[in-house]
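A.B. asks: The structure's right below; bear with me while I get my questions together.
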Amino acid sequence: MKKKSLAIMLAALLAMSAAGCAGQKQEAAPAAPAAAETAETTEETTEEAAEPAEAAETGEAAEAEEAQTDNSLETLFADVADYPAGTAGADLKAAALVSRFVSIAAVYGITADDIADAASLGTDAWAALDKDKQALFVENFTEVIAPMAFEAVDDFEAVRGTFDDAGVGEEMASLVAAEGISENVQALYDVICSAAGYTETAE
């Protein structure tokens, strides 16, 4: 009788232990979805934080590009003034300068109606040169760079070889094919000549 009672008590004890373990497993199971929800919330927060950062970087890149464009005209003035006319490789250097001039004309997109408003673009760049550099700039720009630029815009294939040799053939081909580039180049030329006090119009 005692053995039978002991067996029943042991069986009951085992049943209670098994039930307790099962209850603990059931309580622990919901923890996984909670962890997943936390991970999703963290990911969403990270993405939301990244969006303003990306917008800020885009804005900074645009400002940097605009600043580079503004400075490039001043740099062009200085490089045209330093253009080594009559030296070996001068034609290739002129082609590279022409490519930059046409590129700036395309970026600014100045038309005849914008010339008065765009006058400061040339004025600031001109003022950065000393008197000797200004004289060299007028000579080099009006006698070499501008004529080559207009020739390239009018009939690029006729002069493409020089631009290819200078390593800017593909870039120039793309620039001169852009709509309105002829007017843009003429307008920037007029802005520059106005700043330099040179009034003759290129043909």
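Residue numbering restarts at 1 in every chain; chains get A, B, ... in the order shown in the structure tokens, and ligands count up from 1 in that same order.
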So which residues touch range 158-167 of chain A within 8 Å, counting only C-alpha atoms, skipping near sequence neighbours fewer than 4 positions away, as a ChimeraX atom specification?

C.D. replies: /A:91-93,95-96,151-152,172

A.B. asks: Please return as a ChimeraX atom specification: the residues of range 50-162 of chain A that backbone DSSP assigns to alpha helix (DSSP H).

C.D. replies: /A:50-81,90-108,119-127,131-140,146-154,156-162

A.B. asks: Filtering to C-alpha atoms, could you give me those residues as a JSON list (two decimals), in the first residue's frame?

C.D. replies:
[["chain", "number", "residue", "atom", "x", "y", "z"],
["A", 50, "ALA", "CA", 19.62, 59.21, -42.67],
["A", 51, "GLU", "CA", 17.14, 61.16, -44.82],
["A", 52, "PRO", "CA", 17.99, 64.63, -43.40],
["A", 53, "ALA", "CA", 21.69, 63.72, -43.59],
["A", 54, "GLU", "CA", 21.36, 62.77, -47.26],
["A", 55, "ALA", "CA", 19.42, 65.97, -47.96],
["A", 56, "ALA", "CA", 22.10, 67.99, -46.23],
["A", 57, "GLU", "CA", 24.83, 66.27, -48.25],
["A", 58, "THR", "CA", 22.92, 66.94, -51.48],
["A", 59, "GLY", "CA", 22.55, 70.60, -50.57],
["A", 60, "GLU", "CA", 26.24, 70.87, -49.72],
["A", 61, "ALA", "CA", 27.18, 69.20, -52.99],
["A", 62, "ALA", "CA", 25.02, 71.66, -54.93],
["A", 63, "GLU", "CA", 26.58, 74.60, -53.09],
["A", 64, "ALA", "CA", 30.06, 73.23, -53.74],
["A", 65, "GLU", "CA", 29.27, 72.79, -57.44],
["A", 66, "GLU", "CA", 27.91, 76.33, -57.64],
["A", 67, "ALA", "CA", 30.98, 77.70, -55.87],
["A", 68, "GLN", "CA", 33.26, 75.75, -58.21],
["A", 69, "THR", "CA", 31.40, 77.16, -61.23],
["A", 70, "ASP", "CA", 31.69, 80.72, -59.91],
["A", 71, "ASN", "CA", 35.41, 80.28, -59.28],
["A", 72, "SER", "CA", 36.04, 78.60, -62.63],
["A", 73, "LEU", "CA", 35.45, 81.82, -64.58],
["A", 74, "GLU", "CA", 38.06, 83.62, -62.49],
["A", 75, "THR", "CA", 40.43, 80.69, -62.99],
["A", 76, "LEU", "CA", 39.75, 80.75, -66.72],
["A", 77, "PHE", "CA", 40.66, 84.44, -66.88],
["A", 78, "ALA", "CA", 43.96, 83.76, -65.11],
["A", 79, "ASP", "CA", 44.78, 80.78, -67.33],
["A", 80, "VAL", "CA", 43.92, 82.65, -70.55],
["A", 81, "ALA", "CA", 46.19, 85.48, -69.43],
["A", 90, "ALA", "CA", 50.09, 76.11, -77.72],
["A", 91, "ASP", "CA", 47.26, 74.87, -79.95],
["A", 92, "LEU", "CA", 46.48, 72.00, -77.59],
["A", 93, "LYS", "CA", 46.51, 74.32, -74.59],
["A", 94, "ALA", "CA", 44.21, 76.69, -76.46],
["A", 95, "ALA", "CA", 41.82, 73.83, -77.22],
["A", 96, "ALA", "CA", 41.68, 72.92, -73.52],
["A", 97, "LEU", "CA", 40.92, 76.56, -72.64],
["A", 98, "VAL", "CA", 38.24, 76.73, -75.33],
["A", 99, "SER", "CA", 36.63, 73.61, -73.89],
["A", 100, "ARG", "CA", 36.48, 75.25, -70.46],
["A", 101, "PHE", "CA", 35.09, 78.48, -71.91],
["A", 102, "VAL", "CA", 32.32, 76.66, -73.77],
["A", 103, "SER", "CA", 31.61, 74.50, -70.72],
["A", 104, "ILE", "CA", 31.17, 77.59, -68.53],
["A", 105, "ALA", "CA", 28.89, 79.12, -71.18],
["A", 106, "ALA", "CA", 26.78, 75.96, -71.09],
["A", 107, "VAL", "CA", 26.65, 75.87, -67.27],
["A", 108, "TYR", "CA", 25.63, 79.50, -66.90],
["A", 119, "ALA", "CA", 27.91, 91.43, -65.91],
["A", 120, "SER", "CA", 29.27, 90.76, -62.41],
["A", 121, "LEU", "CA", 30.45, 87.32, -63.52],
["A", 122, "GLY", "CA", 33.05, 88.86, -65.79],
["A", 123, "THR", "CA", 33.71, 91.95, -63.69],
["A", 124, "ASP", "CA", 34.86, 90.00, -60.65],
["A", 125, "ALA", "CA", 37.11, 87.74, -62.70],
["A", 126, "TRP", "CA", 38.57, 90.72, -64.56],
["A", 127, "ALA", "CA", 39.25, 92.62, -61.34],
["A", 131, "LYS", "CA", 47.17, 95.37, -65.38],
["A", 132, "ASP", "CA", 49.76, 93.26, -67.19],
["A", 133, "LYS", "CA", 47.61, 90.13, -66.95],
["A", 134, "GLN", "CA", 44.59, 92.07, -68.17],
["A", 135, "ALA", "CA", 46.47, 93.11, -71.31],
["A", 136, "LEU", "CA", 47.57, 89.54, -71.95],
["A", 137, "PHE", "CA", 44.06, 88.26, -71.35],
["A", 138, "VAL", "CA", 42.51, 90.61, -73.93],
["A", 139, "GLU", "CA", 45.11, 89.64, -76.52],
["A", 140, "ASN", "CA", 44.86, 85.90, -75.94],
["A", 146, "ALA", "CA", 37.23, 83.21, -78.70],
["A", 147, "PRO", "CA", 37.79, 82.67, -82.44],
["A", 148, "MET", "CA", 38.56, 78.99, -81.84],
["A", 149, "ALA", "CA", 35.45, 78.67, -79.68],
["A", 150, "PHE", "CA", 33.17, 80.16, -82.33],
["A", 151, "GLU", "CA", 34.76, 78.01, -85.01],
["A", 152, "ALA", "CA", 34.17, 74.90, -82.91],
["A", 153, "VAL", "CA", 30.54, 75.83, -82.31],
["A", 154, "ASP", "CA", 29.95, 76.58, -85.99],
["A", 156, "PHE", "CA", 33.17, 71.24, -84.81],
["A", 157, "GLU", "CA", 34.17, 68.42, -87.14],
["A", 158, "ALA", "CA", 36.45, 70.79, -89.02],
["A", 159, "VAL", "CA", 38.56, 71.39, -85.90],
["A", 160, "ARG", "CA", 37.85, 68.23, -83.92],
["A", 161, "GLY", "CA", 41.34, 66.83, -84.48],
["A", 162, "THR", "CA", 42.93, 69.53, -82.33]]

A.B. asks: May I ask for the distance between CA of Ala196 in chain A and CA of Ala128 in chain A, given in Å to one decimal place?

C.D. replies: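 So the answer is 11.6 Å.
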
A.B. asks: Which of these, A:Ile145, A:Ala88, A:Ile192, A:Ala187, has the shortest distance to Ala112 in chain A once you count only C-alpha atoms?

C.D. replies: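 Going through A:Ile145, A:Ala88, A:Ile192, A:Ala187 one by one, the smallest distance to Ala112 in chain A is for A:Ala187.
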
A.B. asks: Find the distance between CA of Asp155 in chain A and CA of Gly89 in chain A and write it in Å to one decimal.

C.D. replies: 22.4 Å
